[in-house]
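A.B. asks: The structure is given below, and queries will be raised subsequently.
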Amino acid sequence: MSWSTKSQDNLSSKISCWFVHLPYELLQTITDFLNVKDLQALSKTCQTFYIFINNDKFWLYRLRHQFSRSIVQLYTTDLFKKPEYISTYNEIQASGFAHSRTDHILDNLAITSATHYNDEAVERRQTKMYISKEMFLMDLEFFQYNKPNDSTTVPFMKLIYFYLIDRKRCSAIDMDTGDQDAFKTFDADSLTGQIINVREVVRLDITGRFQCKIMPGKYEVSWRMKGNLNSTKMPGETEFILVPQHGKLMIYRMMDEDFQSLLLQYDNSWFLVKMGYILIYEPSTILIGIRNWNNRFWKKFLQLDCIELTIVP
């Protein structure tokens, strides 16, 4: 996606076409059927369409017609209202991990999350999701799109729109598998091109992080994986962990019978496991973990593609 901000004077204003004389509301309805690449091409055809598309009113309309009312309210208004700061003391809480490492950044950040972003602490401090517009422009990053050279020249609602449609995905191959018998390999059906193939390990310990900061909001967490009904074995409790820098962590636990139940449905096919939600209150780096090492049995033949965050009301 190009964030062209060239002067509209460089666009032809001499093109005569009945289409540009349609009522604004009708033009807006027609452009609902265009994707962002088509809109970019349309904005380059003439000065009229350049002005029509490159303004907040146009993108606010798309936001309201493609997202729920609560999401639009949060990302166009509520998110930028500065909260009253309430100083409180929070007793240090444990991470809640069944598999823990005192020397790891994931565990340390999880203790901070559990201490300051548990439900009781959030209610006592009246914590709300917040970022100033200035910091939003500074911290905004995209996974699928290039960030504009100067965000201040782009309609603010356009930036909001692209943040919401941007696919927030982290590939398993970008994660650290340590010295385990888990290797990266090509898979034609992978959403990211390559996957992690866990062959045979006793200590399953995979860690990573999303490459871009994630803005405040509520996100559903999904892992894409694959296995074989006759070969995949995941004895004990496998923890899928997500820890935001400024938010409530998520721990999702699966036993071997959970994997086997899914494999009965999706044997040798990719499937998506929806694991719950995380709440982020300020722009955050997000750490990822997959752990299973409290038993001496082999974990075998699990393939991991990617983890994805989806904004939800």
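Naming works like this for the structure tokens: A, B, ... for the chains as they're shown, residue 1 at the start of each chain, ligands 1 onward in shown order.
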Need the shell around region 91-96 of chain A: protein/DNA/RNA residues with any atom at most 10 Å away, counting only C-alpha atoms. Skip same-chain ones fewer than 4 positions apart. Format as a list in words?
C.D. replies: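 Here the answer would be Ser100, Leu106, Asp107, Asn108, Leu109, Ala110, Ile111, Thr112, Ser113, Ala114, Thr115, His116, Asn118, Ala121, Val243, Leu249, Met250 and Ile251 of chain A.
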A.B. asks: Would you output that residue set with N, CA, C and O atoms, as a PDB file, in the first residue's frame?
C.D. replies:
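That gives us selection-v9.pdb:
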ATOM      1  N   SER A 100       7.723 -22.650  34.404  1.00  0.00           N
ATOM      2  CA  SER A 100       8.286 -21.312  34.623  1.00  0.00           C
ATOM      3  C   SER A 100       9.806 -21.335  34.611  1.00  0.00           C
ATOM      4  O   SER A 100      10.441 -22.361  34.885  1.00  0.00           O
ATOM      5  N   LEU A 106      10.135 -13.488  29.428  1.00  0.00           N
ATOM      6  CA  LEU A 106       8.711 -13.806  29.346  1.00  0.00           C
ATOM      7  C   LEU A 106       8.119 -13.946  30.744  1.00  0.00           C
ATOM      8  O   LEU A 106       7.043 -13.407  31.036  1.00  0.00           O
ATOM      9  N   ASP A 107       8.813 -14.646  31.632  1.00  0.00           N
ATOM     10  CA  ASP A 107       8.328 -14.858  32.997  1.00  0.00           C
ATOM     11  C   ASP A 107       8.321 -13.553  33.788  1.00  0.00           C
ATOM     12  O   ASP A 107       7.387 -13.284  34.551  1.00  0.00           O
ATOM     13  N   ASN A 108       9.360 -12.749  33.613  1.00  0.00           N
ATOM     14  CA  ASN A 108       9.425 -11.474  34.331  1.00  0.00           C
ATOM     15  C   ASN A 108       8.312 -10.523  33.896  1.00  0.00           C
ATOM     16  O   ASN A 108       7.683  -9.861  34.722  1.00  0.00           O
ATOM     17  N   LEU A 109       8.063 -10.472  32.586  1.00  0.00           N
ATOM     18  CA  LEU A 109       6.988  -9.613  32.092  1.00  0.00           C
ATOM     19  C   LEU A 109       5.627 -10.144  32.536  1.00  0.00           C
ATOM     20  O   LEU A 109       4.710  -9.372  32.819  1.00  0.00           O
ATOM     21  N   ALA A 110       5.497 -11.465  32.629  1.00  0.00           N
ATOM     22  CA  ALA A 110       4.236 -12.063  33.062  1.00  0.00           C
ATOM     23  C   ALA A 110       3.912 -11.692  34.502  1.00  0.00           C
ATOM     24  O   ALA A 110       2.746 -11.475  34.853  1.00  0.00           O
ATOM     25  N   ILE A 111       4.919 -11.613  35.352  1.00  0.00           N
ATOM     26  CA  ILE A 111       4.698 -11.200  36.744  1.00  0.00           C
ATOM     27  C   ILE A 111       4.197  -9.754  36.788  1.00  0.00           C
ATOM     28  O   ILE A 111       3.268  -9.423  37.532  1.00  0.00           O
ATOM     29  N   THR A 112       4.780  -8.889  35.950  1.00  0.00           N
ATOM     30  CA  THR A 112       4.312  -7.504  35.872  1.00  0.00           C
ATOM     31  C   THR A 112       2.873  -7.448  35.398  1.00  0.00           C
ATOM     32  O   THR A 112       2.043  -6.706  35.943  1.00  0.00           O
ATOM     33  N   SER A 113       2.550  -8.235  34.388  1.00  0.00           N
ATOM     34  CA  SER A 113       1.187  -8.269  33.857  1.00  0.00           C
ATOM     35  C   SER A 113       0.205  -8.774  34.905  1.00  0.00           C
ATOM     36  O   SER A 113      -0.857  -8.180  35.126  1.00  0.00           O
ATOM     37  N   ALA A 114       0.554  -9.886  35.559  1.00  0.00           N
ATOM     38  CA  ALA A 114      -0.329 -10.467  36.567  1.00  0.00           C
ATOM     39  C   ALA A 114      -0.519  -9.534  37.753  1.00  0.00           C
ATOM     40  O   ALA A 114      -1.588  -9.513  38.374  1.00  0.00           O
ATOM     41  N   THR A 115       0.502  -8.739  38.052  1.00  0.00           N
ATOM     42  CA  THR A 115       0.434  -7.829  39.198  1.00  0.00           C
ATOM     43  C   THR A 115      -0.400  -6.592  38.904  1.00  0.00           C
ATOM     44  O   THR A 115      -1.251  -6.193  39.706  1.00  0.00           O
ATOM     45  N   HIS A 116      -0.198  -5.986  37.747  1.00  0.00           N
ATOM     46  CA  HIS A 116      -0.810  -4.683  37.472  1.00  0.00           C
ATOM     47  C   HIS A 116      -2.033  -4.736  36.567  1.00  0.00           C
ATOM     48  O   HIS A 116      -2.782  -3.754  36.472  1.00  0.00           O
ATOM     49  N   ASN A 118      -4.309  -7.604  36.478  1.00  0.00           N
ATOM     50  CA  ASN A 118      -5.364  -8.540  36.853  1.00  0.00           C
ATOM     51  C   ASN A 118      -6.657  -7.743  37.051  1.00  0.00           C
ATOM     52  O   ASN A 118      -6.636  -6.510  37.188  1.00  0.00           O
ATOM     53  N   ALA A 121      -6.818  -5.319  40.102  1.00  0.00           N
ATOM     54  CA  ALA A 121      -5.925  -4.157  40.002  1.00  0.00           C
ATOM     55  C   ALA A 121      -6.448  -3.159  38.981  1.00  0.00           C
ATOM     56  O   ALA A 121      -6.385  -1.936  39.201  1.00  0.00           O
ATOM     57  N   VAL A 243       1.979 -12.632  26.420  1.00  0.00           N
ATOM     58  CA  VAL A 243       2.140 -11.631  27.476  1.00  0.00           C
ATOM     59  C   VAL A 243       2.389 -10.258  26.866  1.00  0.00           C
ATOM     60  O   VAL A 243       3.439 -10.016  26.266  1.00  0.00           O
ATOM     61  N   LEU A 249      -2.281 -10.859  30.507  1.00  0.00           N
ATOM     62  CA  LEU A 249      -1.713 -11.998  29.799  1.00  0.00           C
ATOM     63  C   LEU A 249      -2.763 -13.083  29.547  1.00  0.00           C
ATOM     64  O   LEU A 249      -3.844 -13.089  30.139  1.00  0.00           O
ATOM     65  N   MET A 250      -2.418 -14.013  28.657  1.00  0.00           N
ATOM     66  CA  MET A 250      -3.284 -15.145  28.351  1.00  0.00           C
ATOM     67  C   MET A 250      -2.485 -16.444  28.462  1.00  0.00           C
ATOM     68  O   MET A 250      -1.355 -16.531  27.971  1.00  0.00           O
ATOM     69  N   ILE A 251      -3.052 -17.421  29.158  1.00  0.00           N
ATOM     70  CA  ILE A 251      -2.478 -18.766  29.228  1.00  0.00           C
ATOM     71  C   ILE A 251      -3.557 -19.740  28.765  1.00  0.00           C
ATOM     72  O   ILE A 251      -4.648 -19.782  29.337  1.00  0.00           O
TER      73      ILE A 251
END
A.B. asks: Would you compute the distance between CA of Lys184 (chain A) and CA of Cys306 (chain A)? Give it in Å to one decimal.
C.D. replies: 12.4 Å
A.B. asks: What is the CA of Phe80 (chain A) to CA of Leu159 (chain A) distance in Å?
C.D. replies: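 Computing the Euclidean distance for CA of Phe80 (chain A) and CA of Leu159 (chain A) yields 14.2 Å.
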A.B. asks: Report as a list in words all protein, DNA and RNA residues lying within 10 Å of Glu220 (chain A), evaluated on only C-alpha atoms, omitting residues in the same chain fewer than 4 positions from it.
C.D. replies: Lys274, Met275, Gly276, Tyr277, Ile278, Leu279, Glu308, Leu309, Thr310, Ile311, Val312 and Pro313 of chain A
A.B. asks: Could I get the residues of region 186-216 of chain A with an atom no further than 7 Å from an atom of region 285-305 of chain A, each paired with its nearest atom pair and that distance in Å to one decimal, using only C-alpha atoms, sorted by chain and residue number, as CSV?
C.D. replies:
residue,atom,partner,partner_atom,distance
A:Ser190,CA,A:Asp305,CA,6.2
A:Ile195,CA,A:Asp305,CA,4.8
A:Ile196,CA,A:Leu304,CA,5.2
A:Asn197,CA,A:Gln303,CA,4.5
A:Val198,CA,A:Leu302,CA,5.1
A:Arg199,CA,A:Phe301,CA,4.6
A:Glu200,CA,A:Lys300,CA,4.6
A:Val201,CA,A:Lys299,CA,5.2
A:Val202,CA,A:Trp298,CA,4.7
A:Arg203,CA,A:Trp293,CA,4.5
A:Leu204,CA,A:Asn292,CA,5.0
A:Asp205,CA,A:Arg291,CA,4.8
A:Ile206,CA,A:Ile290,CA,5.1
A:Thr207,CA,A:Gly289,CA,4.5
A:Gly208,CA,A:Ile288,CA,4.9
A:Arg209,CA,A:Leu287,CA,4.3
A:Phe210,CA,A:Ile286,CA,5.7
A:Lys213,CA,A:Thr285,CA,5.0
A:Ile214,CA,A:Thr285,CA,6.5
A.B. asks: Could you write those residues out with C-alpha atoms, as a PDB file, in the first residue's frame?
C.D. replies:
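What ended up in part30.pdb:
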ATOM      1  CA  SER A 190       1.441 -22.405   5.176  1.00  0.00           C
ATOM      2  CA  ILE A 195       6.593 -23.711   9.448  1.00  0.00           C
ATOM      3  CA  ILE A 196       8.129 -25.165  12.594  1.00  0.00           C
ATOM      4  CA  ASN A 197       8.047 -28.950  12.678  1.00  0.00           C
ATOM      5  CA  VAL A 198       8.389 -30.355  16.206  1.00  0.00           C
ATOM      6  CA  ARG A 199       9.750 -33.852  15.591  1.00  0.00           C
ATOM      7  CA  GLU A 200      10.661 -35.374  18.963  1.00  0.00           C
ATOM      8  CA  VAL A 201      11.393 -33.325  22.064  1.00  0.00           C
ATOM      9  CA  VAL A 202      11.168 -33.921  25.792  1.00  0.00           C
ATOM     10  CA  ARG A 203      11.419 -30.271  26.737  1.00  0.00           C
ATOM     11  CA  LEU A 204       9.181 -28.148  24.516  1.00  0.00           C
ATOM     12  CA  ASP A 205      10.184 -24.500  24.900  1.00  0.00           C
ATOM     13  CA  ILE A 206       9.427 -22.091  22.034  1.00  0.00           C
ATOM     14  CA  THR A 207       9.577 -18.320  22.485  1.00  0.00           C
ATOM     15  CA  GLY A 208       9.063 -15.298  20.264  1.00  0.00           C
ATOM     16  CA  ARG A 209       7.483 -11.877  19.915  1.00  0.00           C
ATOM     17  CA  PHE A 210       5.336  -9.910  17.531  1.00  0.00           C
ATOM     18  CA  LYS A 213       3.873  -2.953  18.655  1.00  0.00           C
ATOM     19  CA  ILE A 214       0.196  -3.666  19.215  1.00  0.00           C
TER      20      ILE A 214
END
A.B. asks: Using DSSP on the backbone coordinates, identify the residues of region 260-309 of chain A assigned to alpha helix (DSSP H); present them as a ChimeraX atom specification.
C.D. replies: /A:260-266
A.B. asks: Generate a file of the selected residues that holds N, CA and C atoms, formatted as a CSV table (one decimal), in the first residue's frame.
C.D. replies:
chain,number,residue,atom,x,y,z
A,260,GLN,N,-5.7,-34.7,20.4
A,260,GLN,CA,-6.2,-35.9,19.7
A,260,GLN,C,-7.7,-35.6,19.2
A,261,SER,N,-8.4,-34.9,20.0
A,261,SER,CA,-9.8,-34.6,19.6
A,261,SER,C,-9.8,-33.8,18.3
A,262,LEU,N,-8.9,-32.8,18.3
A,262,LEU,CA,-8.8,-31.9,17.1
A,262,LEU,C,-8.3,-32.7,15.9
A,263,LEU,N,-7.4,-33.6,16.1
A,263,LEU,CA,-6.8,-34.4,15.0
A,263,LEU,C,-7.9,-35.4,14.4
A,264,LEU,N,-8.8,-35.8,15.2
A,264,LEU,CA,-9.9,-36.6,14.7
A,264,LEU,C,-10.7,-35.9,13.6
A,265,GLN,N,-10.8,-34.6,13.8
A,265,GLN,CA,-11.5,-33.7,12.8
A,265,GLN,C,-10.6,-33.3,11.7
A,266,TYR,N,-9.3,-33.0,12.0
A,266,TYR,CA,-8.5,-32.3,11.0
A,266,TYR,C,-7.2,-33.1,10.6
A.B. asks: Could you give me, as an MDAnalysis selection string, each residue of region 18-250 of chain A that DSSP assigns to strand (DSSP E) when run on this structure's backbone?
C.D. replies: chainID A and resid 168:171 182:186 194:201 204:209 217:227 237:244 247:248 250
A.B. asks: May I ask for the distance between CA of Ile307 (chain A) and CA of Asp189 (chain A), given in Å to one decimal place?
C.D. replies: 15.1 Å
A.B. asks: Which one of A:Met234, A:Met225, A:Gly217, A:Thr45 sits closest to Gln73 (chain A) if you count only C-alpha atoms?
C.D. replies: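 Once distances to Gln73 (chain A) are computed over only C-alpha atoms, the minimum belongs to A:Gly217.
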A.B. asks: If we count only C-alpha atoms, what is near Asp78 (chain A) at a cut-off of 10 Å, once residues fewer than 5 positions away on the same chain are taken out, given as a VMD selection string?
C.D. replies: chain A and resid 70 to 73 83 128 to 131
A.B. asks: Can you pull out the residues contacting region 26-32 of chain A? Cut-off 12 Å, using only C-alpha atoms, and skip same-chain residues under 3 positions away; I want them as a list in words.
C.D. replies: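 So, after excluding close chain neighbours, the residues are Trp18, Phe19, Val20, His21, Leu22, Pro23, Asn35, Val36, Lys37, Asp38, Leu39, Gln40, Ala41, Leu42, Ser43, Thr48, Phe49, Phe52, Ile53, Lys57, Phe58, Trp59, Leu60, Tyr61, Arg62, Leu63, Arg64, His65 and Gln66 of chain A.
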A.B. asks: Give the answer as one residue: which of A:Met175, A:Tyr75, A:Arg69, A:Asn230 has the shortest atom-to-atom distance to Phe162 (chain A), using only C-alpha atoms?
C.D. replies: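 Checking each of A:Met175, A:Tyr75, A:Arg69, A:Asn230 against Phe162 (chain A), counting only C-alpha atoms, the winner is A:Tyr75.
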A.B. asks: For a quick check of understanding, using only C-alpha atoms, which of A:Phe67, A:Tyr24, A:Phe240, A:Phe136 has the smallest distance to Ile165 (chain A)?
C.D. replies: A:Phe67
A.B. asks: Identify, on the basis of only C-alpha atoms, every residue whose closest approach to Phe142 (chain A) does not exceed 12 Å; exclude the query and any residue fewer than 2 positions from it along the same chain; express the result as a CSV table (one decimal) with N, CA and C atoms, in the first residue's frame.
C.D. replies:
chain,number,residue,atom,x,y,z
A,1,MET,N,0.8,-1.2,0.0
A,1,MET,CA,0.0,0.0,0.0
A,1,MET,C,0.9,1.2,0.0
A,137,LEU,N,0.6,8.3,16.4
A,137,LEU,CA,1.3,8.5,15.1
A,137,LEU,C,2.7,8.0,15.2
A,139,ASP,N,4.0,5.6,17.4
A,139,ASP,CA,4.1,4.2,17.7
A,139,ASP,C,3.5,3.3,16.6
A,140,LEU,N,2.6,3.9,15.8
A,140,LEU,CA,1.9,3.1,14.8
A,140,LEU,C,2.8,2.3,13.9
A,144,GLN,N,1.4,-5.7,7.4
A,144,GLN,CA,1.2,-5.9,6.0
A,144,GLN,C,1.6,-4.7,5.1
A,145,TYR,N,1.6,-3.5,5.7
A,145,TYR,CA,1.8,-2.3,4.9
A,145,TYR,C,3.0,-1.5,5.4
A,146,ASN,N,3.6,-0.7,4.6
A,146,ASN,CA,4.7,0.1,4.9
A,146,ASN,C,4.1,1.4,5.7
A,147,LYS,N,4.8,1.8,6.7
A,147,LYS,CA,4.4,3.0,7.4
A,147,LYS,C,4.7,4.2,6.6
A,148,PRO,N,3.8,5.2,6.5
A,148,PRO,CA,4.1,6.4,5.7
A,148,PRO,C,5.3,7.1,6.3
A,159,LEU,N,-5.4,6.1,8.8
A,159,LEU,CA,-4.4,5.4,9.5
A,159,LEU,C,-5.1,4.4,10.5
A,160,ILE,N,-6.2,4.9,11.1
A,160,ILE,CA,-7.0,4.0,12.0
A,160,ILE,C,-7.5,2.8,11.2
A,161,TYR,N,-8.1,3.1,10.0
A,161,TYR,CA,-8.7,2.1,9.2
A,161,TYR,C,-7.7,1.0,8.8
A,162,PHE,N,-6.5,1.4,8.4
A,162,PHE,CA,-5.5,0.5,8.0
A,162,PHE,C,-4.9,-0.3,9.2
A,163,TYR,N,-4.9,0.3,10.4
A,163,TYR,CA,-4.5,-0.4,11.5
A,163,TYR,C,-5.5,-1.6,11.8
A,164,LEU,N,-6.7,-1.3,11.7
A,164,LEU,CA,-7.8,-2.3,12.0
A,164,LEU,C,-7.8,-3.4,11.0
A,165,ILE,N,-7.5,-3.1,9.7
A,165,ILE,CA,-7.6,-4.2,8.7
A,165,ILE,C,-6.3,-4.9,8.6
A,166,ASP,N,-5.2,-4.4,9.2
A,166,ASP,CA,-3.9,-5.0,9.1
A,166,ASP,C,-3.9,-6.3,9.8
A,167,ARG,N,-3.4,-7.4,9.2
A,167,ARG,CA,-3.3,-8.7,9.8
A,167,ARG,C,-2.2,-8.8,10.7
A,168,LYS,N,-2.5,-9.0,12.0
A,168,LYS,CA,-1.5,-9.0,13.1
A,168,LYS,C,-1.1,-10.4,13.3
A,169,ARG,N,0.0,-10.8,12.6
A,169,ARG,CA,0.3,-12.2,12.6
A,169,ARG,C,1.8,-12.4,12.8
A,210,PHE,N,5.9,-10.6,18.7
A,210,PHE,CA,5.3,-9.9,17.5
A,210,PHE,C,6.3,-8.8,17.1
A,211,GLN,N,6.5,-8.7,15.8
A,211,GLN,CA,7.5,-7.8,15.3
A,211,GLN,C,7.1,-6.3,15.5
A,212,CYS,N,5.8,-6.0,15.5
A,212,CYS,CA,5.4,-4.7,15.7
A,212,CYS,C,4.7,-4.5,17.0
A,213,LYS,N,4.7,-3.3,17.5
A,213,LYS,CA,3.9,-3.0,18.7
A,213,LYS,C,2.4,-3.1,18.3
A,214,ILE,N,1.6,-3.5,19.3
A,214,ILE,CA,0.2,-3.7,19.2
A,214,ILE,C,-0.5,-2.6,20.0
A,215,MET,N,-1.5,-1.9,19.4
A,215,MET,CA,-2.2,-0.8,20.0
A,215,MET,C,-3.2,-1.3,21.0
A.B. asks: List the spatial neighbours of Met254 (chain A) as a PyMOL selection string - criterion: any atom at most 8 Å away, only C-alpha atoms, same-chain residues fewer than 4 positions off excluded.
C.D. replies: chain A and resi 237-239+258-259
A.B. asks: Pull N, CA, C and O atoms from the residues just selected and write them as a PDB file, in the first residue's frame.
C.D. replies:
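Listing of part_22.pdb after writing:
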ATOM      1  N   GLU A 237       0.772 -31.324  29.953  1.00  0.00           N
ATOM      2  CA  GLU A 237       0.052 -30.064  29.729  1.00  0.00           C
ATOM      3  C   GLU A 237       0.904 -29.118  28.897  1.00  0.00           C
ATOM      4  O   GLU A 237       2.015 -28.770  29.287  1.00  0.00           O
ATOM      5  N   THR A 238       0.399 -28.724  27.735  1.00  0.00           N
ATOM      6  CA  THR A 238       1.095 -27.758  26.880  1.00  0.00           C
ATOM      7  C   THR A 238       0.477 -26.381  27.097  1.00  0.00           C
ATOM      8  O   THR A 238      -0.740 -26.213  26.976  1.00  0.00           O
ATOM      9  N   GLU A 239       1.310 -25.405  27.432  1.00  0.00           N
ATOM     10  CA  GLU A 239       0.842 -24.047  27.672  1.00  0.00           C
ATOM     11  C   GLU A 239       1.165 -23.154  26.476  1.00  0.00           C
ATOM     12  O   GLU A 239       2.324 -23.090  26.039  1.00  0.00           O
ATOM     13  N   ASP A 258      -6.854 -33.208  24.121  1.00  0.00           N
ATOM     14  CA  ASP A 258      -7.361 -32.054  23.363  1.00  0.00           C
ATOM     15  C   ASP A 258      -6.797 -32.063  21.944  1.00  0.00           C
ATOM     16  O   ASP A 258      -7.521 -31.817  20.970  1.00  0.00           O
ATOM     17  N   PHE A 259      -5.499 -32.346  21.841  1.00  0.00           N
ATOM     18  CA  PHE A 259      -4.886 -32.443  20.514  1.00  0.00           C
ATOM     19  C   PHE A 259      -5.519 -33.586  19.716  1.00  0.00           C
ATOM     20  O   PHE A 259      -5.847 -33.433  18.538  1.00  0.00           O
TER      21      PHE A 259
END
